[in-house]
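Here is the structure we will look at, set down as structure tokens.
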Amino acid sequence: MKNKIKVLRAEYELTQEQLAEKVDVSRQTINAIEKGKFDPSLPLAFKISKLFKMSIEDIFQNE
Amino acid sequence: MKEKKEPRAKLERKNILSLAFWTGAWVITMAISTFGSLYLWESNALLSVLAILLNFAVGIGMILANIRHLNSLDELQRKIQLEAMGIALGLAVVGGLAYSSLDQSNIIGYNAEISHLVILIGISYMAAILIGNSRYR
């Protein structure tokens, strides 16, 4: 699954560590999601979309 | 009033330390129950039973600490743990029974001990954790 987290993170000037802290996961998890190695659960996807004030579909796209 | 949630990393560190403490205590009580009857109280059945009961009780504490530790992990870390436990358990059943068959068929010249199985579980679990972590790095 592709996602725009890296771009959004840059727009909001957040490090992986800061984003991880805001959505209550480890930095490793944010890194794995950004690289497309791990697909987040629905609750985590909701947390991320709420933080960036976007819908889940706008952030995550099925390849 | 809403209770302030403890930061995840801090909670995780606390649970790892707790698990390390309980694991260390379990290893020490295991050593006492194993070698105590040989070197400390020389075949006193009551002391041996007490040492085994203590080891069992501390073992329960270790299991509970491990559950708390797993619950404090995030979803990726749990996935890595789950895969590692699956590999360790699978290898323990498949490898353990094959090893036992080798012993029963007298193909190996020594007895298949439970400690060999514990070593296999420990090594395969640690290897699977390392591989899992490097895969999602």
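Simple scheme: letters A, B, ... for chains in structure tokens order, numbers from 1 for residues in each chain, numbers from 1 for ligands in the order shown.
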
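For chain A, the residues within 8 Å of chain B are Glu21, Asp24, Val25, Ser26, Gln28, Thr29, Asn31, Ala32, Lys37, Phe38, Pro40 and Ser41 of chain A, with only C-alpha atoms used to measure distance.
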
Write the selection just made, keeping C-alpha atoms, as a PDB file, in the first residue's frame?
ATOM      1  CA  GLU A  21       4.929  10.013  19.612  1.00  0.00           C
ATOM      2  CA  ASP A  24       1.508   6.438  20.011  1.00  0.00           C
ATOM      3  CA  VAL A  25       3.697   3.992  18.067  1.00  0.00           C
ATOM      4  CA  SER A  26       7.448   3.429  17.730  1.00  0.00           C
ATOM      5  CA  GLN A  28      10.379   1.925  13.603  1.00  0.00           C
ATOM      6  CA  THR A  29       6.655   1.530  12.828  1.00  0.00           C
ATOM      7  CA  ASN A  31       9.510   4.205   9.120  1.00  0.00           C
ATOM      8  CA  ALA A  32       8.141   0.802   8.020  1.00  0.00           C
ATOM      9  CA  LYS A  37       6.892  -2.466   4.367  1.00  0.00           C
ATOM     10  CA  PHE A  38       4.032  -2.493   6.857  1.00  0.00           C
ATOM     11  CA  PRO A  40      -1.119   0.106   9.537  1.00  0.00           C
ATOM     12  CA  SER A  41      -4.270  -1.089  11.268  1.00  0.00           C
TER      13      SER A  41
END

When you look at range 1-5 of chain A with a cut-off of 10 Å (counting only C-alpha atoms), what residues show up, excluding the ones that are within fewer than 2 positions of it in the same chain? I need them as a CSV table (one decimal) with all heavy atoms, in the first residue's frame.
chain,number,residue,atom,x,y,z
A,7,VAL,N,5.6,12.8,2.8
A,7,VAL,CA,5.3,14.2,2.3
A,7,VAL,C,4.6,15.0,3.3
A,7,VAL,O,5.0,16.2,3.6
A,7,VAL,CB,4.5,14.1,1.0
A,7,VAL,CG1,4.1,15.5,0.5
A,7,VAL,CG2,5.2,13.3,-0.1
A,8,LEU,N,3.6,14.5,3.9
A,8,LEU,CA,2.8,15.2,4.9
A,8,LEU,C,3.6,15.5,6.1
A,8,LEU,O,3.5,16.6,6.7
A,8,LEU,CB,1.6,14.3,5.3
A,8,LEU,CG,0.5,14.2,4.3
A,8,LEU,CD1,-0.5,13.1,4.6
A,8,LEU,CD2,-0.3,15.5,4.1
A,9,ARG,N,4.5,14.6,6.5
A,9,ARG,CA,5.4,14.8,7.6
A,9,ARG,C,6.3,16.0,7.4
A,9,ARG,O,6.5,16.8,8.3
A,9,ARG,CB,6.2,13.5,7.9
A,9,ARG,CG,6.8,13.4,9.2
A,9,ARG,CD,7.2,12.0,9.5
A,9,ARG,NE,8.1,11.4,8.5
A,9,ARG,CZ,9.3,11.8,8.3
A,9,ARG,NH1,9.9,12.7,9.0
A,9,ARG,NH2,10.1,11.2,7.3
A,10,ALA,N,6.8,16.1,6.1
A,10,ALA,CA,7.6,17.2,5.8
A,10,ALA,C,6.8,18.5,5.8
A,10,ALA,O,7.3,19.5,6.3
A,10,ALA,CB,8.2,17.0,4.4
A,11,GLU,N,5.6,18.5,5.3
A,11,GLU,CA,4.8,19.7,5.3
A,11,GLU,C,4.5,20.2,6.7
A,11,GLU,O,4.5,21.4,7.0
A,11,GLU,CB,3.4,19.4,4.6
A,11,GLU,CG,3.4,19.4,3.1
A,11,GLU,CD,2.1,19.0,2.5
A,11,GLU,OE1,1.1,19.1,3.2
A,11,GLU,OE2,2.1,18.6,1.3
A,16,GLN,N,10.2,11.6,12.2
A,16,GLN,CA,9.5,10.3,12.4
A,16,GLN,C,9.2,10.1,13.9
A,16,GLN,O,8.2,9.6,14.3
A,16,GLN,CB,10.4,9.2,11.9
A,16,GLN,CG,10.4,9.1,10.4
A,16,GLN,CD,11.2,7.9,9.9
A,16,GLN,OE1,12.0,7.3,10.6
A,16,GLN,NE2,11.0,7.5,8.6
A,19,LEU,N,6.2,12.2,15.0
A,19,LEU,CA,5.0,11.7,14.5
A,19,LEU,C,4.6,10.4,15.3
A,19,LEU,O,3.5,10.2,15.7
A,19,LEU,CB,5.1,11.3,13.0
A,19,LEU,CG,3.9,10.6,12.4
A,19,LEU,CD1,2.6,11.4,12.5
A,19,LEU,CD2,4.1,10.3,10.9
A,30,ILE,N,6.6,3.9,12.1
A,30,ILE,CA,6.4,5.0,11.2
A,30,ILE,C,7.3,4.8,10.0
A,30,ILE,O,6.9,4.9,8.8
A,30,ILE,CB,6.7,6.4,11.8
A,30,ILE,CG1,5.7,6.6,13.0
A,30,ILE,CG2,6.7,7.5,10.8
A,30,ILE,CD1,4.2,6.7,12.5
A,31,ASN,N,8.6,4.4,10.2
A,31,ASN,CA,9.5,4.2,9.1
A,31,ASN,C,9.0,3.1,8.2
A,31,ASN,O,9.1,3.2,7.0
A,31,ASN,CB,10.9,3.9,9.7
A,31,ASN,CG,12.0,3.8,8.7
A,31,ASN,OD1,12.1,4.7,7.8
A,31,ASN,ND2,12.7,2.7,8.7
A,33,ILE,N,6.0,2.0,7.8
A,33,ILE,CA,4.8,2.4,7.0
A,33,ILE,C,5.2,3.3,5.9
A,33,ILE,O,4.7,3.1,4.7
A,33,ILE,CB,3.8,3.1,8.0
A,33,ILE,CG1,3.2,2.1,9.0
A,33,ILE,CG2,2.6,3.7,7.2
A,33,ILE,CD1,2.4,2.8,10.1
A,34,GLU,N,6.1,4.2,6.1
A,34,GLU,CA,6.5,5.2,5.0
A,34,GLU,C,7.1,4.4,3.9
A,34,GLU,O,6.9,4.8,2.7
A,34,GLU,CB,7.5,6.1,5.6
A,34,GLU,CG,6.9,7.3,6.3
A,34,GLU,CD,8.0,8.4,6.7
A,34,GLU,OE1,9.1,8.3,6.3
A,34,GLU,OE2,7.6,9.3,7.5
A,35,LYS,N,7.9,3.4,4.2
A,35,LYS,CA,8.6,2.6,3.2
A,35,LYS,C,7.7,1.6,2.5
A,35,LYS,O,8.1,0.8,1.6
A,35,LYS,CB,9.8,1.9,3.8
A,35,LYS,CG,11.0,2.9,4.1
A,35,LYS,CD,12.2,2.1,4.6
A,35,LYS,CE,13.4,3.0,4.8
A,35,LYS,NZ,14.5,2.3,5.4
A,36,GLY,N,6.5,1.5,3.0
A,36,GLY,CA,5.5,0.5,2.4
A,36,GLY,C,5.8,-0.9,2.8
A,36,GLY,O,5.3,-1.9,2.2
A,37,LYS,N,6.6,-1.1,3.9
A,37,LYS,CA,6.9,-2.5,4.4
A,37,LYS,C,5.8,-3.0,5.3
A,37,LYS,O,5.7,-4.2,5.6
A,37,LYS,CB,8.2,-2.5,5.1
A,37,LYS,CG,9.4,-2.2,4.2
A,37,LYS,CD,10.7,-2.3,5.1
A,37,LYS,CE,11.9,-2.1,4.2
A,37,LYS,NZ,13.2,-2.1,5.0
A,38,PHE,N,5.0,-2.1,5.9
A,38,PHE,CA,4.0,-2.5,6.9
A,38,PHE,C,2.8,-1.7,6.7
A,38,PHE,O,2.9,-0.4,6.5
A,38,PHE,CB,4.6,-2.3,8.3
A,38,PHE,CG,3.6,-2.6,9.4
A,38,PHE,CD1,3.2,-3.8,9.6
A,38,PHE,CD2,3.2,-1.5,10.2
A,38,PHE,CE1,2.3,-4.1,10.6
A,38,PHE,CE2,2.2,-1.8,11.2
A,38,PHE,CZ,1.8,-3.1,11.4
A,39,ASP,N,1.6,-2.3,6.6
A,39,ASP,CA,0.3,-1.6,6.5
A,39,ASP,C,-0.2,-1.4,7.9
A,39,ASP,O,-0.4,-2.4,8.6
A,39,ASP,CB,-0.6,-2.4,5.6
A,39,ASP,CG,-0.2,-2.6,4.2
A,39,ASP,OD1,0.6,-1.6,3.7
A,39,ASP,OD2,-0.5,-3.5,3.5
A,40,PRO,N,-0.6,-0.2,8.2
A,40,PRO,CA,-1.1,0.1,9.5
A,40,PRO,C,-2.5,-0.5,9.7
A,40,PRO,O,-3.2,-0.7,8.7
A,40,PRO,CB,-1.1,1.6,9.6
A,40,PRO,CG,-1.3,2.1,8.2
A,40,PRO,CD,-0.6,1.1,7.4
A,48,ILE,N,-3.6,8.7,12.1
A,48,ILE,CA,-2.7,9.5,11.2
A,48,ILE,C,-3.5,10.5,10.4
A,48,ILE,O,-3.2,11.6,10.2
A,48,ILE,CB,-1.9,8.5,10.3
A,48,ILE,CG1,-0.9,7.7,11.2
A,48,ILE,CG2,-1.2,9.2,9.2
A,48,ILE,CD1,-0.3,6.5,10.5
A,49,SER,N,-4.7,10.0,9.9
A,49,SER,CA,-5.5,10.9,9.0
A,49,SER,C,-6.1,12.0,9.8
A,49,SER,O,-6.2,13.2,9.3
A,49,SER,CB,-6.6,10.1,8.3
A,49,SER,OG,-7.5,9.6,9.3
A,52,PHE,N,-3.3,14.7,10.3
A,52,PHE,CA,-3.0,15.5,9.1
A,52,PHE,C,-4.3,16.1,8.5
A,52,PHE,O,-4.3,16.7,7.4
A,52,PHE,CB,-2.3,14.6,8.1
A,52,PHE,CG,-0.9,14.2,8.5
A,52,PHE,CD1,-0.5,12.9,8.4
A,52,PHE,CD2,0.0,15.2,8.8
A,52,PHE,CE1,0.7,12.5,8.8
A,52,PHE,CE2,1.3,14.8,9.2
A,52,PHE,CZ,1.7,13.5,9.2
A,56,ILE,N,-8.6,9.0,5.1
A,56,ILE,CA,-7.7,7.9,5.0
A,56,ILE,C,-7.4,7.6,3.5
A,56,ILE,O,-6.2,7.4,3.2
A,56,ILE,CB,-8.3,6.6,5.7
A,56,ILE,CG1,-8.4,6.8,7.2
A,56,ILE,CG2,-7.6,5.3,5.3
A,56,ILE,CD1,-9.0,5.6,7.9
A,57,GLU,N,-8.4,7.7,2.7
A,57,GLU,CA,-8.2,7.4,1.2
A,57,GLU,C,-7.2,8.5,0.6
A,57,GLU,O,-6.5,8.1,-0.4
A,57,GLU,CB,-9.5,7.5,0.4
A,57,GLU,CG,-10.5,6.5,0.8
A,57,GLU,CD,-11.4,6.9,2.0
A,57,GLU,OE1,-11.0,7.8,2.8
A,57,GLU,OE2,-12.6,6.4,2.0
A,58,ASP,N,-7.2,9.7,1.1
A,58,ASP,CA,-6.3,10.7,0.6
A,58,ASP,C,-4.8,10.4,1.0
A,58,ASP,O,-3.9,10.9,0.4
A,58,ASP,CB,-6.7,12.1,1.1
A,58,ASP,CG,-7.9,12.5,0.4
A,58,ASP,OD1,-8.2,12.0,-0.7
A,58,ASP,OD2,-8.7,13.4,0.9
A,59,ILE,N,-4.6,9.7,2.1
A,59,ILE,CA,-3.3,9.4,2.6
A,59,ILE,C,-2.8,8.0,2.1
A,59,ILE,O,-1.6,7.9,1.6
A,59,ILE,CB,-3.2,9.5,4.1
A,59,ILE,CG1,-3.6,10.9,4.6
A,59,ILE,CG2,-1.8,9.1,4.6
A,59,ILE,CD1,-3.6,11.0,6.1
A,60,PHE,N,-3.7,7.0,2.1
A,60,PHE,CA,-3.3,5.7,1.8
A,60,PHE,C,-4.0,5.3,0.4
A,60,PHE,O,-5.2,5.4,0.3
A,60,PHE,CB,-3.7,4.7,2.8
A,60,PHE,CG,-3.0,5.0,4.2
A,60,PHE,CD1,-3.7,5.7,5.1
A,60,PHE,CD2,-1.7,4.5,4.4
A,60,PHE,CE1,-3.1,6.0,6.4
A,60,PHE,CE2,-1.1,4.8,5.7
A,60,PHE,CZ,-1.8,5.5,6.6
A,61,GLN,N,-3.2,4.8,-0.5
A,61,GLN,CA,-3.7,4.3,-1.7
A,61,GLN,C,-3.3,2.8,-2.0
A,61,GLN,O,-2.1,2.5,-1.8
A,61,GLN,CB,-3.3,5.1,-3.0
A,61,GLN,CG,-3.8,6.5,-3.0
A,61,GLN,CD,-2.8,7.5,-2.3
A,61,GLN,OE1,-1.6,7.3,-2.3
A,61,GLN,NE2,-3.3,8.5,-1.6
A,62,ASN,N,-4.3,2.0,-2.4
A,62,ASN,CA,-4.0,0.6,-2.7
A,62,ASN,C,-3.2,0.5,-4.0
A,62,ASN,O,-3.6,1.2,-5.0
A,62,ASN,CB,-5.3,-0.2,-2.8
A,62,ASN,CG,-5.1,-1.6,-2.3
A,62,ASN,OD1,-4.0,-2.0,-2.0
A,62,ASN,ND2,-6.2,-2.3,-2.2
A,63,GLU,N,-2.1,-0.2,-4.0
A,63,GLU,CA,-1.3,-0.3,-5.2
A,63,GLU,C,-1.9,-1.2,-6.3
A,63,GLU,O,-2.5,-2.2,-6.0
A,63,GLU,CB,0.1,-0.8,-4.8
A,63,GLU,CG,1.0,0.2,-4.3
A,63,GLU,CD,2.3,-0.3,-3.9
A,63,GLU,OE1,2.4,-1.2,-3.1
A,63,GLU,OE2,3.3,0.3,-4.3

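Note that CA of Glu12 in chain B and CA of Leu70 in chain B are 8.9 Å apart.
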
Using only C-alpha atoms, pick whichever of B:Thr29, B:Thr34, B:Ser115, B:Ser72 has the shortest atom-to-atom distance to Leu54 in chain B.
B:Thr29

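Atom pair CA of Tyr39 in chain B / CA of Trp26 in chain B has a distance of 19.1 Å (rounded to one decimal).
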
Let's see if you can do this: from backbone DSSP, list all strand (DSSP E or B) residues in chain A, as a PyMOL selection string.
chain A and resi 2-3+60-61

Kindly save the residues from that selection, with N, CA, C and O atoms included, as a PDB file, in the first residue's frame.
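Result file out.pdb:
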ATOM      1  N   LYS A   2       0.597   2.167  -0.929  1.00  0.00           N
ATOM      2  CA  LYS A   2       1.370   3.423  -0.992  1.00  0.00           C
ATOM      3  C   LYS A   2       0.762   4.445  -0.026  1.00  0.00           C
ATOM      4  O   LYS A   2      -0.430   4.361   0.293  1.00  0.00           O
ATOM      5  N   ASN A   3       1.571   5.391   0.403  1.00  0.00           N
ATOM      6  CA  ASN A   3       1.014   6.434   1.274  1.00  0.00           C
ATOM      7  C   ASN A   3       1.816   7.728   1.139  1.00  0.00           C
ATOM      8  O   ASN A   3       2.922   7.736   0.599  1.00  0.00           O
ATOM      9  N   PHE A  60      -3.684   7.047   2.133  1.00  0.00           N
ATOM     10  CA  PHE A  60      -3.284   5.681   1.754  1.00  0.00           C
ATOM     11  C   PHE A  60      -3.958   5.264   0.443  1.00  0.00           C
ATOM     12  O   PHE A  60      -5.169   5.417   0.305  1.00  0.00           O
ATOM     13  N   GLN A  61      -3.174   4.753  -0.482  1.00  0.00           N
ATOM     14  CA  GLN A  61      -3.735   4.256  -1.735  1.00  0.00           C
ATOM     15  C   GLN A  61      -3.305   2.806  -1.959  1.00  0.00           C
ATOM     16  O   GLN A  61      -2.138   2.475  -1.766  1.00  0.00           O
TER      17      GLN A  61
END

Could you find all residues in chain B that DSSP calls alpha helix (DSSP H) from the backbone, and write them as a PyMOL selection string?
chain B and resi 8-39+45-71+75-104+114-135

Can you list, as a PyMOL selection string, every protein, DNA or RNA residue that comes within 10 Å of Val58 in chain B when you count only C-alpha atoms, leaving out same-chain residues fewer than 6 positions away?
chain B and resi 22-30+52+64

Preceding selection exported with all heavy atoms as a short mmCIF file (atom, residue, chain, number, x, y, z; two decimals), in the first residue's frame:
data_model
loop_
_atom_site.label_atom_id
_atom_site.label_comp_id
_atom_site.auth_asym_id
_atom_site.auth_seq_id
_atom_site.Cartn_x
_atom_site.Cartn_y
_atom_site.Cartn_z
N TRP B 22 11.89 -10.40 36.41
CA TRP B 22 11.19 -11.68 36.64
C TRP B 22 11.92 -12.85 35.99
O TRP B 22 11.97 -13.95 36.55
CB TRP B 22 9.75 -11.60 36.15
CG TRP B 22 8.86 -10.88 37.12
CD1 TRP B 22 8.41 -9.60 37.02
CD2 TRP B 22 8.33 -11.39 38.36
NE1 TRP B 22 7.64 -9.28 38.11
CE2 TRP B 22 7.58 -10.36 38.94
CE3 TRP B 22 8.44 -12.61 39.02
CZ2 TRP B 22 6.92 -10.51 40.16
CZ3 TRP B 22 7.79 -12.76 40.23
CH2 TRP B 22 7.05 -11.72 40.79
N THR B 23 12.51 -12.61 34.81
CA THR B 23 13.25 -13.68 34.14
C THR B 23 14.50 -14.04 34.95
O THR B 23 14.80 -15.22 35.14
CB THR B 23 13.64 -13.25 32.70
OG1 THR B 23 12.46 -12.84 32.01
CG2 THR B 23 14.29 -14.37 31.94
N GLY B 24 15.20 -13.00 35.43
CA GLY B 24 16.38 -13.23 36.26
C GLY B 24 16.01 -14.00 37.52
O GLY B 24 16.70 -14.96 37.91
N ALA B 25 14.91 -13.60 38.16
CA ALA B 25 14.46 -14.26 39.39
C ALA B 25 14.09 -15.72 39.10
O ALA B 25 14.39 -16.63 39.89
CB ALA B 25 13.26 -13.52 39.98
N TRP B 26 13.46 -15.95 37.95
CA TRP B 26 13.07 -17.32 37.58
C TRP B 26 14.32 -18.19 37.37
O TRP B 26 14.37 -19.34 37.82
CB TRP B 26 12.20 -17.29 36.32
CG TRP B 26 11.80 -18.66 35.87
CD1 TRP B 26 10.86 -19.47 36.44
CD2 TRP B 26 12.34 -19.39 34.76
NE1 TRP B 26 10.79 -20.66 35.75
CE2 TRP B 26 11.68 -20.63 34.71
CE3 TRP B 26 13.31 -19.10 33.81
CZ2 TRP B 26 11.96 -21.59 33.75
CZ3 TRP B 26 13.59 -20.06 32.85
CH2 TRP B 26 12.93 -21.28 32.82
N VAL B 27 15.34 -17.64 36.68
CA VAL B 27 16.57 -18.39 36.43
C VAL B 27 17.25 -18.73 37.77
O VAL B 27 17.70 -19.86 37.98
CB VAL B 27 17.53 -17.59 35.51
CG1 VAL B 27 18.92 -18.24 35.45
CG2 VAL B 27 16.96 -17.48 34.10
N ILE B 28 17.29 -17.75 38.69
CA ILE B 28 17.94 -17.98 39.99
C ILE B 28 17.19 -19.06 40.79
O ILE B 28 17.80 -19.99 41.33
CB ILE B 28 18.03 -16.65 40.80
CG1 ILE B 28 19.05 -15.73 40.13
CG2 ILE B 28 18.41 -16.91 42.25
CD1 ILE B 28 19.02 -14.29 40.63
N THR B 29 15.84 -18.96 40.82
CA THR B 29 15.07 -19.96 41.58
C THR B 29 15.15 -21.33 40.91
O THR B 29 15.11 -22.35 41.59
CB THR B 29 13.60 -19.53 41.76
OG1 THR B 29 13.02 -19.27 40.49
CG2 THR B 29 13.47 -18.31 42.65
N MET B 30 15.29 -21.33 39.59
CA MET B 30 15.47 -22.61 38.87
C MET B 30 16.81 -23.25 39.27
O MET B 30 16.89 -24.46 39.53
CB MET B 30 15.42 -22.37 37.36
CG MET B 30 15.77 -23.57 36.49
SD MET B 30 14.67 -24.97 36.74
CE MET B 30 13.29 -24.51 35.74
N ILE B 52 10.88 -25.86 44.47
CA ILE B 52 10.19 -26.04 43.18
C ILE B 52 8.93 -25.17 43.13
O ILE B 52 8.63 -24.55 42.11
CB ILE B 52 9.86 -27.54 42.95
CG1 ILE B 52 11.16 -28.31 42.71
CG2 ILE B 52 8.91 -27.72 41.77
CD1 ILE B 52 11.03 -29.82 42.80
N LEU B 64 3.32 -13.39 33.47
CA LEU B 64 2.49 -12.18 33.55
C LEU B 64 3.26 -10.94 33.10
O LEU B 64 2.72 -10.07 32.41
CB LEU B 64 1.95 -11.99 34.98
CG LEU B 64 0.96 -13.08 35.45
CD1 LEU B 64 0.59 -12.87 36.91
CD2 LEU B 64 -0.30 -13.08 34.59
#
